[in-house]
$ cat entry_3.cif   # mmCIF, C-alpha atoms
data_query
loop_
_atom_site.label_atom_id
_atom_site.label_comp_id
_atom_site.auth_asym_id
_atom_site.auth_seq_id
_atom_site.Cartn_x
_atom_site.Cartn_y
_atom_site.Cartn_z
CA MET A 1 33.04 -55.86 -3.79
CA LYS A 2 34.38 -59.20 -2.56
CA SER A 3 35.83 -59.37 0.94
CA TYR A 4 38.57 -61.90 1.67
CA ASP A 5 39.13 -63.72 4.98
CA ARG A 6 42.31 -65.87 4.71
CA LEU A 7 45.14 -64.06 6.46
CA VAL A 8 48.25 -64.12 4.23
CA TRP A 9 50.40 -61.34 5.73
CA GLN A 10 50.41 -59.25 8.88
CA ASP A 11 52.45 -56.97 11.04
CA ASP A 12 51.02 -56.47 14.50
CA PHE A 13 54.07 -54.43 15.58
CA SER A 14 54.67 -56.62 18.60
CA ARG A 15 58.46 -56.12 18.74
CA ASP A 16 59.85 -52.84 20.06
CA GLY A 17 62.65 -51.22 18.11
CA SER A 18 63.02 -50.73 14.38
CA PRO A 19 60.38 -52.02 11.92
CA ASP A 20 60.89 -55.70 11.05
CA PRO A 21 63.54 -55.85 8.28
CA GLU A 22 62.06 -59.11 6.99
CA LYS A 23 58.85 -57.21 6.16
CA TRP A 24 59.88 -53.61 5.44
CA ASN A 25 62.33 -51.60 3.37
CA TYR A 26 63.10 -47.89 3.70
CA ASP A 27 62.92 -45.27 0.99
CA ILE A 28 65.72 -42.81 1.74
CA GLY A 29 66.45 -39.20 0.86
CA ARG A 30 64.50 -36.51 -0.94
CA GLY A 31 63.57 -38.31 -4.13
CA PRO A 32 63.34 -36.57 -7.51
CA ASN A 33 61.37 -33.33 -7.18
CA GLY A 34 60.49 -34.11 -3.58
CA TRP A 35 59.21 -37.61 -4.36
CA GLY A 36 57.40 -36.24 -7.39
CA ASN A 37 55.25 -33.87 -5.32
CA ASN A 38 57.64 -31.12 -4.19
CA GLU A 39 57.51 -32.54 -0.66
CA ALA A 40 59.70 -30.86 1.93
CA GLN A 41 60.87 -33.84 3.97
CA GLU A 42 63.93 -36.03 3.79
CA TYR A 43 63.23 -39.71 4.50
CA THR A 44 65.56 -41.56 6.87
CA GLU A 45 65.91 -44.99 8.46
CA SER A 46 66.55 -43.45 11.88
CA ARG A 47 64.49 -44.68 14.82
CA GLU A 48 63.77 -41.02 15.50
CA ASN A 49 61.53 -41.14 12.43
CA SER A 50 60.23 -44.73 12.45
CA ARG A 51 60.03 -47.16 15.34
CA ILE A 52 57.80 -49.60 17.13
CA GLU A 53 56.70 -48.68 20.64
CA ASN A 54 54.09 -50.36 22.84
CA GLY A 55 52.65 -52.40 19.98
CA ARG A 56 52.41 -49.50 17.53
CA LEU A 57 54.32 -48.44 14.46
CA ILE A 58 55.17 -44.77 14.82
CA ILE A 59 56.26 -42.69 11.86
CA GLU A 60 57.32 -39.30 13.18
CA ALA A 61 58.04 -36.21 11.11
CA ALA A 62 60.10 -33.55 12.85
CA GLN A 63 62.10 -30.46 11.99
CA GLY A 64 65.77 -30.64 12.94
CA ASP A 65 67.93 -27.86 14.33
CA ASP A 66 69.18 -27.38 10.77
CA GLY A 67 65.64 -26.57 9.61
CA VAL A 68 65.27 -29.79 7.62
CA TYR A 69 62.11 -31.86 8.04
CA ARG A 70 62.81 -35.57 8.40
CA SER A 71 60.33 -38.43 8.32
CA ALA A 72 60.07 -42.05 7.13
CA ARG A 73 58.63 -44.03 4.25
CA LEU A 74 58.40 -47.83 4.49
CA ASN A 75 57.56 -50.29 1.73
CA THR A 76 57.24 -54.05 1.23
CA TYR A 77 58.65 -54.23 -2.31
CA GLY A 78 60.66 -57.41 -2.93
CA LYS A 79 59.41 -58.88 0.35
CA SER A 80 55.63 -59.08 -0.07
CA SER A 81 53.19 -58.05 -2.76
CA TRP A 82 49.73 -59.20 -3.77
CA THR A 83 47.20 -59.31 -6.58
CA HIS A 84 43.72 -58.74 -5.08
CA GLY A 85 42.79 -59.14 -1.44
CA SER A 86 41.53 -57.20 1.55
CA ILE A 87 43.95 -54.83 3.27
CA GLU A 88 42.99 -53.79 6.79
CA PHE A 89 44.77 -51.49 9.24
CA ARG A 90 44.11 -49.49 12.39
CA ALA A 91 45.54 -46.00 12.31
CA LYS A 92 45.58 -42.68 14.11
CA LEU A 93 46.52 -39.77 11.85
CA PRO A 94 48.55 -36.64 12.64
CA ARG A 95 47.02 -33.21 13.02
CA GLY A 96 48.34 -29.92 11.67
CA ARG A 97 48.92 -28.00 8.46
CA GLY A 98 51.59 -29.53 6.28
CA THR A 99 51.10 -33.12 7.45
CA TRP A 100 50.30 -35.64 4.72
CA PRO A 101 50.09 -39.27 5.91
CA ALA A 102 49.36 -42.02 3.42
CA ILE A 103 48.86 -45.77 3.40
CA TRP A 104 48.96 -46.80 -0.24
CA MET A 105 50.17 -49.25 -2.89
CA LEU A 106 52.13 -49.21 -6.14
CA SER A 107 52.46 -52.09 -8.56
CA ASP A 108 55.79 -53.89 -8.58
CA SER A 109 56.09 -52.96 -12.25
CA ILE A 110 57.16 -49.41 -11.30
CA ARG A 111 60.47 -50.94 -10.17
CA THR A 112 60.98 -52.78 -13.48
CA GLY A 113 60.45 -49.98 -15.94
CA THR A 114 56.73 -49.15 -16.02
CA PRO A 115 56.43 -45.46 -15.15
CA TRP A 116 53.79 -43.82 -13.00
CA PRO A 117 50.85 -43.57 -13.59
CA ARG A 118 50.77 -46.50 -16.05
CA CYS A 119 51.97 -48.77 -13.22
CA GLY A 120 48.84 -47.99 -11.18
CA GLU A 121 48.42 -46.56 -7.69
CA ILE A 122 45.95 -47.52 -4.95
CA ASP A 123 45.54 -44.93 -2.18
CA LEU A 124 44.08 -46.91 0.70
CA LEU A 125 43.91 -43.76 2.83
CA GLU A 126 45.24 -40.20 2.66
CA HIS A 127 44.70 -37.17 4.88
CA ILE A 128 46.07 -33.64 4.62
CA GLY A 129 46.31 -31.43 7.67
CA ARG A 130 44.84 -28.37 5.99
CA GLN A 131 41.61 -30.39 5.61
CA GLN A 132 41.37 -31.86 9.09
CA ASP A 133 38.98 -34.82 9.50
CA VAL A 134 38.56 -35.34 5.75
CA ILE A 135 39.72 -38.70 4.40
CA HIS A 136 40.57 -39.53 0.79
CA PHE A 137 40.48 -42.83 -1.12
CA SER A 138 41.82 -42.80 -4.70
CA LEU A 139 42.91 -44.88 -7.68
CA HIS A 140 45.35 -43.66 -10.35
CA SER A 141 45.96 -45.08 -13.81
CA GLU A 142 47.36 -43.79 -17.08
CA ALA A 143 43.86 -42.92 -18.26
CA ASN A 144 42.68 -41.50 -14.93
CA ASN A 145 45.07 -39.70 -12.59
CA HIS A 146 45.49 -36.48 -10.63
CA THR A 147 47.61 -34.78 -13.30
CA LYS A 148 44.54 -35.01 -15.55
CA ARG A 149 42.26 -34.23 -12.58
CA ASN A 150 40.12 -37.24 -13.44
CA GLN A 151 41.36 -39.86 -10.98
CA PHE A 152 38.87 -42.14 -9.29
CA THR A 153 38.61 -40.50 -5.87
CA SER A 154 36.22 -40.34 -2.96
CA VAL A 155 36.40 -37.70 -0.22
CA HIS A 156 34.58 -37.96 3.11
CA PRO A 157 34.29 -35.93 6.32
CA PHE A 158 35.15 -38.25 9.19
CA HIS A 159 35.63 -36.73 12.63
CA GLY A 160 38.21 -38.00 15.07
CA VAL A 161 40.89 -39.34 12.73
CA SER A 162 43.58 -37.69 14.87
CA ASP A 163 41.93 -38.36 18.24
CA ARG A 164 41.50 -42.14 18.13
CA PHE A 165 42.37 -45.25 16.16
CA ASN A 166 39.95 -46.26 13.43
CA THR A 167 39.84 -49.43 11.36
CA TYR A 168 40.26 -48.97 7.61
CA ARG A 169 39.78 -51.75 5.08
CA VAL A 170 39.97 -51.93 1.31
CA ASN A 171 38.48 -54.87 -0.56
CA TRP A 172 40.16 -55.30 -3.94
CA SER A 173 39.06 -57.92 -6.48
CA ASP A 174 38.99 -58.46 -10.22
CA LYS A 175 35.63 -56.66 -10.15
CA GLY A 176 36.79 -53.47 -8.41
CA PHE A 177 37.28 -51.86 -5.01
CA SER A 178 35.36 -50.99 -1.87
CA PHE A 179 36.70 -48.71 0.88
CA LEU A 180 35.47 -49.16 4.46
CA VAL A 181 35.92 -47.38 7.79
CA ASN A 182 34.98 -49.21 10.99
CA GLY A 183 33.06 -51.76 8.93
CA GLU A 184 30.99 -49.25 6.95
CA ILE A 185 31.40 -48.88 3.19
CA TYR A 186 32.33 -45.32 2.25
CA ALA A 187 33.23 -45.71 -1.41
CA GLN A 188 33.21 -48.22 -4.26
CA GLN A 189 34.74 -48.28 -7.73
CA ALA A 190 33.75 -51.02 -10.16
CA LYS A 191 36.01 -52.17 -12.98
CA GLY A 192 33.06 -52.27 -15.32
CA ASP A 193 34.11 -52.37 -18.96
CA MET A 194 37.56 -50.88 -18.39
CA THR A 195 40.29 -53.02 -19.97
CA GLY A 196 44.03 -52.95 -20.53
CA PRO A 197 46.81 -51.48 -18.39
CA ALA A 198 46.09 -47.88 -19.35
CA GLN A 199 42.55 -48.02 -17.99
CA TRP A 200 42.82 -50.74 -15.35
CA PRO A 201 46.34 -51.64 -14.15
CA PHE A 202 45.04 -53.22 -10.95
CA ASP A 203 45.16 -56.92 -11.84
CA GLN A 204 48.84 -57.38 -10.99
CA ASN A 205 51.07 -57.49 -7.92
CA PHE A 206 51.13 -54.36 -5.74
CA HIS A 207 53.26 -53.67 -2.66
CA LEU A 208 52.44 -51.58 0.41
CA ILE A 209 53.83 -48.16 1.26
CA VAL A 210 53.38 -46.27 4.55
CA ASN A 211 54.71 -42.74 4.89
CA LEU A 212 54.26 -39.33 6.45
CA ALA A 213 55.08 -36.54 3.99
CA VAL A 214 55.46 -32.85 4.79
CA GLY A 215 54.07 -30.07 2.61
CA GLY A 216 54.31 -30.50 -1.14
CA TYR A 217 51.89 -29.62 -3.91
CA TRP A 218 49.00 -31.26 -2.06
CA GLY A 219 50.15 -31.12 1.57
CA GLY A 220 50.41 -27.37 1.22
CA GLU A 221 51.68 -24.70 3.58
CA ILE A 222 53.59 -26.01 6.60
CA ASP A 223 52.84 -24.92 10.16
CA ASP A 224 56.06 -25.47 12.09
CA ALA A 225 54.04 -25.67 15.32
CA ALA A 226 52.42 -28.92 14.08
CA PHE A 227 55.73 -30.76 14.35
CA PRO A 228 56.80 -33.22 15.55
CA ALA A 229 53.81 -35.08 14.12
CA ARG A 230 53.02 -38.79 14.26
CA LEU A 231 51.27 -41.36 12.10
CA GLU A 232 50.53 -44.38 14.32
CA LEU A 233 49.37 -47.86 13.30
CA GLU A 234 48.31 -50.75 15.53
CA TYR A 235 48.42 -53.36 12.77
CA ILE A 236 48.30 -53.99 9.03
CA ARG A 237 46.83 -57.25 7.70
CA VAL A 238 46.32 -58.64 4.23
CA TYR A 239 43.68 -61.28 3.46
CA GLN A 240 43.10 -63.29 0.32
#
$ encode --input "entry_3.cif" --output "C-alpha cells"
Amino acid sequence: MKSYDRLVWQDDFSRDGSPDPEKWNYDIGRGPNGWGNNEAQEYTESRENSRIENGRLIIEAAQGDDGVYRSARLNTYGKSSWTHGSIEFRAKLPRGRGTWPAIWMLSDSIRTGTPWPRCGEIDLLEHIGRQQDVIHFSLHSEANNHTKRNQFTSVHPFHGVSDRFNTYRVNWSDKGFSFLVNGEIYAQQAKGDMTGPAQWPFDQNFHLIVNLAVGGYWGGEIDDAAFPARLELEYIRVYQ
C-alpha cells in the first residue's frame, strides 16, 4: 500500500511535564461498561498516569492504596484528524498479565452520532500481557468486527516489544492498509471491492488514541505484581 512522506503532524515529546494540550485531550473516568470492554482502570489527567520525561511520553498504570487501578487515555479529537496517510511511532510496551496498551484510531463520526463499529476503528498496534511478545493489528467495521469474530486482524510473534523501542508504521490509503515493524511489512489489508460505510468506513477523518488499559474482556486476569506498568513512546508522526 502507498507510503506517504510529507510530515503533517508530529509530537516528539520534547517538553517535560504534561502532554501538550494543543495536541492532546484526556478521556476521563471509567466509561460505560469499562470503556465498552469491562476494563478495570479509571482514566485520569494526573501526571502520575501520563507525563513527558526525557523525551518520552509515559503512560503509567498503577494500583492506588484504595485498590483502584488508574491510567491514562489521550486523544487528538477536535485538534487533529486525518483521512489517509502514514502513521509512524516508536514504542516500548509494558510487560505483565492484565496490561493492554493500544495505539489506535476512531473516526471523528463517533463523536457526532455514528456508533461503533459503524464509525470504523483502526488498531495500529495492540498487545496484551497474557500473550507476551505477540502484536496485533486490526480493522473494525459494521460488517467485520470482534463482536462477530470476523474483524480484519493480523497477529504476529515479535520478541522484545517490552525490552526495547521498535518503530511501527501503518500506511493507509484509499486502496487499503499495510502494517510495518522496523521497516518490514507484517500485514496488509486491501479495500478490494468493499464499498459503503458498513463495509469500508475508512475513507473519512480519524483521530489518534493512545492508552494503557487494565484487564477487561481481552486484557484478562490481572497480576497485581505487574503494576505499575508503563507504555512509553519516543515520537508519533503523521505523513500525507
$ resolve_selection --input "entry_3.cif" --expression "the PyMOL selection byres ((chain A and resi 43) around 7)" --output "MDAnalysis selection string"
chainID A and resid 27:30 41:42 44 70:73
$ atom_distance --input "entry_3.cif" --atom1 "atom CA of A:Glu184" --atom2 "atom CA of A:Ala213"
27.4 Å
$ resolve_selection --input "entry_3.cif" --expression "the PyMOL selection byres ((chain A and resi 80-83) around 10)" --output "short mmCIF file (atom, residue, chain, number, x, y, z; two decimals) with C-alpha atoms, in the frame of the given file"
data_model
loop_
_atom_site.label_atom_id
_atom_site.label_comp_id
_atom_site.auth_asym_id
_atom_site.auth_seq_id
_atom_site.Cartn_x
_atom_site.Cartn_y
_atom_site.Cartn_z
CA VAL A 8 48.25 -64.12 4.23
CA TRP A 9 50.40 -61.34 5.73
CA GLU A 22 62.06 -59.11 6.99
CA LYS A 23 58.85 -57.21 6.16
CA TRP A 24 59.88 -53.61 5.44
CA ASN A 75 57.56 -50.29 1.73
CA THR A 76 57.24 -54.05 1.23
CA TYR A 77 58.65 -54.23 -2.31
CA GLY A 78 60.66 -57.41 -2.93
CA LYS A 79 59.41 -58.88 0.35
CA HIS A 84 43.72 -58.74 -5.08
CA GLY A 85 42.79 -59.14 -1.44
CA SER A 86 41.53 -57.20 1.55
CA MET A 105 50.17 -49.25 -2.89
CA LEU A 106 52.13 -49.21 -6.14
CA SER A 107 52.46 -52.09 -8.56
CA ASP A 108 55.79 -53.89 -8.58
CA TRP A 172 40.16 -55.30 -3.94
CA SER A 173 39.06 -57.92 -6.48
CA ASP A 174 38.99 -58.46 -10.22
CA PHE A 202 45.04 -53.22 -10.95
CA ASP A 203 45.16 -56.92 -11.84
CA GLN A 204 48.84 -57.38 -10.99
CA ASN A 205 51.07 -57.49 -7.92
CA PHE A 206 51.13 -54.36 -5.74
CA HIS A 207 53.26 -53.67 -2.66
CA LEU A 208 52.44 -51.58 0.41
CA VAL A 238 46.32 -58.64 4.23
CA TYR A 239 43.68 -61.28 3.46
CA GLN A 240 43.10 -63.29 0.32
#
$ closest_residue --input "entry_3.cif" --among "A:Ile209, A:Glu234, A:Pro228, A:Leu180" --to "A:Asn25" --atoms "all atoms listed in the file"
A:Ile209
$ resolve_selection --input "entry_3.cif" --expression "the PyMOL selection byres ((chain A and resi 170) around 7)" --output "VMD selection string"
chain A and resid 86 to 88 124 168 to 169 171 to 172 177 to 180
$ closest_residue --input "entry_3.cif" --among "A:Gly64, A:Pro115, A:Pro157, A:Gly96" --to "A:Gly129" --atoms "all atoms listed in the file"
A:Gly96
$ closest_atom_pairs --input "entry_3.cif" --of "stretch 90-161 of chain A" --to "stretch 185-188 of chain A" --cutoff "12 Å" --atoms "only C-alpha atoms" --output "tab-separated table"
residue	atom	partner	partner_atom	distance
A:Leu124	CA	A:Ala187	CA	11.1
A:Leu125	CA	A:Ala187	CA	11.7
A:Ile135	CA	A:Tyr186	CA	10.2
A:His136	CA	A:Ala187	CA	9.8
A:Phe137	CA	A:Ala187	CA	7.8
A:Ser138	CA	A:Ala187	CA	9.6
A:Leu139	CA	A:Gln188	CA	10.8
A:Phe152	CA	A:Gln188	CA	9.7
A:Thr153	CA	A:Ala187	CA	8.7
A:Ser154	CA	A:Ala187	CA	6.3
A:Val155	CA	A:Ala187	CA	8.7
A:His156	CA	A:Tyr186	CA	7.7
A:Pro157	CA	A:Tyr186	CA	10.4
A:Phe158	CA	A:Tyr186	CA	10.3
$ atom_distance --input "entry_3.cif" --atom1 "atom CA of A:Lys92" --atom2 "atom CA of A:Asp163"
7.0 Å
$ atom_distance --input "entry_3.cif" --atom1 "atom CA of A:Gly216" --atom2 "atom CA of A:Ile128"
10.5 Å
$ residues_around --input "entry_3.cif" --residues "A:Gly219" --least-positions-apart "5" --cutoff "7 Å" --atoms "all atoms listed in the file" --output "list in words"
Gly98, Thr99, Trp100, Ile128 and Val214 of chain A
$ closest_residue --input "entry_3.cif" --among "A:Arg51, A:Lys191, A:Lys175, A:Arg95" --to "A:Arg130" --atoms "only C-alpha atoms"
A:Arg95
$ residues_around --input "entry_3.cif" --residues "A:Phe13" --least-positions-apart "5" --cutoff "7 Å" --atoms "all atoms listed in the file" --output "ChimeraX atom specification"
/A:52,55-57,234-235
$ closest_residue --input "entry_3.cif" --among "A:Ile222, A:Glu142, A:Tyr26, A:Thr147" --to "A:Gly196" --atoms "all atoms listed in the file"
A:Glu142
$ closest_residue --input "entry_3.cif" --among "A:Ile110, A:Ala91, A:Ala190, A:Ala225" --to "A:Ser162" --atoms "only C-alpha atoms"
A:Ala91
$ closest_residue --input "entry_3.cif" --among "A:Asn166, A:Glu39, A:Asp223, A:Ser141" --to "A:Thr195" --atoms "all atoms listed in the file"
A:Ser141
